[in-house]
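Working notes, structure below.
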Amino acid sequence: VSNYEFVAAASPAGTPKMTLPGPCYIHFRSGRDNISRDVYPNLDEFWQDLIAAYVEEIQALHDAGCRYIQLDETSIAKLGDPKIRAGLENRGDDWETLLEVYTDVINAIVEQSPADMSLGMHLCRGNKGGSWQAAAGYDDVAAALFRKLAVKFYFLEYDSPRAGGFEPLREVPDDKTIILGLVSTKVAALEERSAVLRRLEEAAIYVDMDRLGLSPQCGFASLDVGNALSPDDQAAKLRLVVDIAKEVWNYSPAASD
């Protein structure tokens, strides 16, 4: 909550967004063997406690004035990678079963959150030191991701071929919004404006342009542990996003943005 209050005080003209790590990534990284069987002999109890913790945190943020939360649930995007699936199978997990469990857990959190809280989801395949953890499109998870989940907007990694094509977006219902992460946060090279515009047009074949948006692929990590982008590199990429948003969607940022 203190982090939200700091950001809110620093951006009085905007709508501060808080990001929370995705609830299912805890299980995705650890697996059953790293979750205490003494405390949780039944994993259902683990999931119920996890849901309760997220509902409590979201309510606390809401009480502090927050109305916009992004869940960074990167595990779902990785389920399409054959190597990831093999690793899960080796530890006793079936990726299709996990997809159902993970989406059930997220829906339980969304359904218990305040009605006026905007909850979205970010998906990527890793973003540390310019590296990544998986390479697979959204094809195999698209139906559950876009149709089953109760979230209304998605921030999707789309800055490299590892994310696959836009065809899975055909599963997006008409009441949901897709923010395309076409501007990379892994490399310093600035994307060509024409190339970004072309990719937006390609995505619009599957989702109407008025339900699309543009963003950097992920957050800009700090220079000491993160990606090799200077503050100037980052500023140039953000300017590109804003300039294209002005052109395509008539976006008018507040004077303090």
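In the structure tokens, chains take the letters A, B, ... in the order shown, each chain's residues start at 1, and ligands count up from 1 in the order shown.
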Taking only C-alpha atoms into account, produce a table as JSON lines in which each residue of stretch 142-231 of chain A with an atom at most 12 Å from an atom of stretch 75-91 of chain A appears once, together with its shortest atom pair and the distance in Å to one decimal, ordered by chain and rising number.
```
{"residue": "A:Ala142", "atom": "CA", "partner": "A:Ala77", "partner_atom": "CA", "distance": 9.4}
{"residue": "A:Ala143", "atom": "CA", "partner": "A:Ile76", "partner_atom": "CA", "distance": 12.0}
{"residue": "A:Ala144", "atom": "CA", "partner": "A:Ile76", "partner_atom": "CA", "distance": 9.8}
{"residue": "A:Leu145", "atom": "CA", "partner": "A:Ile76", "partner_atom": "CA", "distance": 8.0}
{"residue": "A:Phe146", "atom": "CA", "partner": "A:Ile76", "partner_atom": "CA", "distance": 11.5}
{"residue": "A:Leu149", "atom": "CA", "partner": "A:Ile76", "partner_atom": "CA", "distance": 11.6}
{"residue": "A:Tyr154", "atom": "CA", "partner": "A:Ala77", "partner_atom": "CA", "distance": 11.8}
{"residue": "A:Phe155", "atom": "CA", "partner": "A:Ala77", "partner_atom": "CA", "distance": 11.4}
{"residue": "A:Leu156", "atom": "CA", "partner": "A:Ala77", "partner_atom": "CA", "distance": 9.0}
{"residue": "A:Glu157", "atom": "CA", "partner": "A:Ala77", "partner_atom": "CA", "distance": 9.0}
{"residue": "A:Tyr158", "atom": "CA", "partner": "A:Ala77", "partner_atom": "CA", "distance": 11.3}
{"residue": "A:Arg162", "atom": "CA", "partner": "A:Asp81", "partner_atom": "CA", "distance": 9.7}
{"residue": "A:Ala163", "atom": "CA", "partner": "A:Ala77", "partner_atom": "CA", "distance": 8.5}
{"residue": "A:Gly164", "atom": "CA", "partner": "A:Gly80", "partner_atom": "CA", "distance": 10.3}
```
Export, as an mmCIF file, in the first residue's frame, the selected residues with N, CA and C atoms.
```cif
data_model
loop_
_atom_site.group_PDB
_atom_site.id
_atom_site.type_symbol
_atom_site.label_atom_id
_atom_site.label_comp_id
_atom_site.auth_asym_id
_atom_site.auth_seq_id
_atom_site.Cartn_x
_atom_site.Cartn_y
_atom_site.Cartn_z
ATOM 1 N N ALA A 142 -4.890 -19.919 -25.711
ATOM 2 C CA ALA A 142 -5.708 -18.766 -26.082
ATOM 3 C C ALA A 142 -7.150 -18.878 -25.612
ATOM 4 N N ALA A 143 -7.782 -20.026 -25.790
ATOM 5 C CA ALA A 143 -9.198 -20.155 -25.428
ATOM 6 C C ALA A 143 -9.401 -19.928 -23.936
ATOM 7 N N ALA A 144 -8.585 -20.570 -23.104
ATOM 8 C CA ALA A 144 -8.702 -20.381 -21.655
ATOM 9 C C ALA A 144 -8.284 -18.979 -21.246
ATOM 10 N N LEU A 145 -7.223 -18.481 -21.861
ATOM 11 C CA LEU A 145 -6.683 -17.175 -21.510
ATOM 12 C C LEU A 145 -7.677 -16.049 -21.796
ATOM 13 N N PHE A 146 -8.248 -16.074 -22.974
ATOM 14 C CA PHE A 146 -9.096 -14.956 -23.383
ATOM 15 C C PHE A 146 -10.584 -15.168 -23.103
ATOM 16 N N LEU A 149 -10.914 -16.604 -18.615
ATOM 17 C CA LEU A 149 -10.508 -15.648 -17.588
ATOM 18 C C LEU A 149 -11.455 -14.450 -17.522
ATOM 19 N N TYR A 154 -5.480 -7.240 -21.377
ATOM 20 C CA TYR A 154 -4.254 -8.032 -21.342
ATOM 21 C C TYR A 154 -3.095 -7.229 -21.926
ATOM 22 N N PHE A 155 -1.946 -7.330 -21.282
ATOM 23 C CA PHE A 155 -0.703 -6.788 -21.810
ATOM 24 C C PHE A 155 0.116 -7.978 -22.306
ATOM 25 N N LEU A 156 0.269 -8.104 -23.618
ATOM 26 C CA LEU A 156 0.857 -9.301 -24.191
ATOM 27 C C LEU A 156 2.228 -9.034 -24.809
ATOM 28 N N GLU A 157 3.197 -9.867 -24.473
ATOM 29 C CA GLU A 157 4.509 -9.802 -25.126
ATOM 30 C C GLU A 157 4.349 -10.130 -26.603
ATOM 31 N N TYR A 158 4.838 -9.214 -27.447
ATOM 32 C CA TYR A 158 4.817 -9.444 -28.891
ATOM 33 C C TYR A 158 6.004 -8.765 -29.570
ATOM 34 N N ARG A 162 9.493 -15.175 -30.701
ATOM 35 C CA ARG A 162 9.226 -16.148 -29.643
ATOM 36 C C ARG A 162 7.781 -16.114 -29.173
ATOM 37 N N ALA A 163 7.112 -14.988 -29.365
ATOM 38 C CA ALA A 163 5.727 -14.848 -28.908
ATOM 39 C C ALA A 163 4.721 -15.378 -29.918
ATOM 40 N N GLY A 164 5.183 -15.784 -31.087
ATOM 41 C CA GLY A 164 4.269 -16.308 -32.094
ATOM 42 C C GLY A 164 3.520 -15.220 -32.837
#
```
Practice prompt. Give the alpha helix (DSSP H) residues of stretch 174-211 of chain A, as DSSP finds them on the backbone, and put them as JSON, numbers by chain.
Written response: {"A": [193, 194, 195, 196, 197, 198, 199, 200, 201, 202, 203]}
Worksheet entry | Long-range neighbours of A:Arg211 as an MDAnalysis selection string, 9 Å cut-off, only C-alpha atoms, 4 positions minimum in chain | chainID A and resid 174:179 204 207
Worksheet item: Closest to A:Val141 among A:Glu45, A:Pro114, A:Leu98, A:Val105, using only C-alpha atoms?
Response: A:Leu98
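Nearest residue to A:Met209 among A:Val39, A:Ala245, A:Tyr54, A:Pro21 is A:Ala245, counting only C-alpha atoms.
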Fill in: In stretch 106-239 of chain A, DSSP strand (DSSP E) residues written as a list of chain:residue names
A:Ser118, A:Leu119, A:Gly120, A:Met121, A:His122, A:Leu123, A:Phe153, A:Tyr154, A:Phe155, A:Leu156, A:Glu157, A:Thr177, A:Ile178, A:Ile179, A:Leu180, A:Gly181, A:Leu182, A:Val183, A:Leu212, A:Gly213, A:Leu214, A:Ser215, A:Pro216
Worksheet item: Just how far from atom CA of A:Ala188 is atom CA of A:Val241, in Å to one decimal?
Response: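 Atom-to-atom, atom CA of A:Val241 and atom CA of A:Ala188 are spaced 14.7 Å apart.
If you look at atom CA of A:Gly65 and atom CA of A:Cys124, they are 27.9 Å away from each other.
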Item to complete: Write out as a ChimeraX atom specification the residues lying within 8 Å of A:Val110, counting only C-alpha atoms and excluding same-chain residues fewer than 6 positions away.
Response: /A:119,150-151
Using N, CA, C and O atoms, can you export the residues from the last selection as a compact mmCIF listing (two decimals), in the first residue's frame?
```txt
# COMPACT_ATOMS: atom_id res chain seq x y z
N LEU A 119 -8.88 -4.79 -13.22
CA LEU A 119 -7.84 -5.81 -13.09
C LEU A 119 -7.45 -6.31 -14.47
O LEU A 119 -8.28 -6.81 -15.22
N ALA A 150 -11.69 -13.97 -16.30
CA ALA A 150 -12.62 -12.87 -16.10
C ALA A 150 -11.97 -11.50 -16.23
O ALA A 150 -12.66 -10.48 -16.09
N VAL A 151 -10.67 -11.42 -16.48
CA VAL A 151 -10.03 -10.12 -16.66
C VAL A 151 -10.46 -9.51 -18.00
O VAL A 151 -10.79 -10.24 -18.94
```
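Distance annotation: of A:Ile35, A:Leu71, A:Ile58, A:Val187, the residue with the minimal separation from A:Ala115 is A:Ile58; atom set is only C-alpha atoms.
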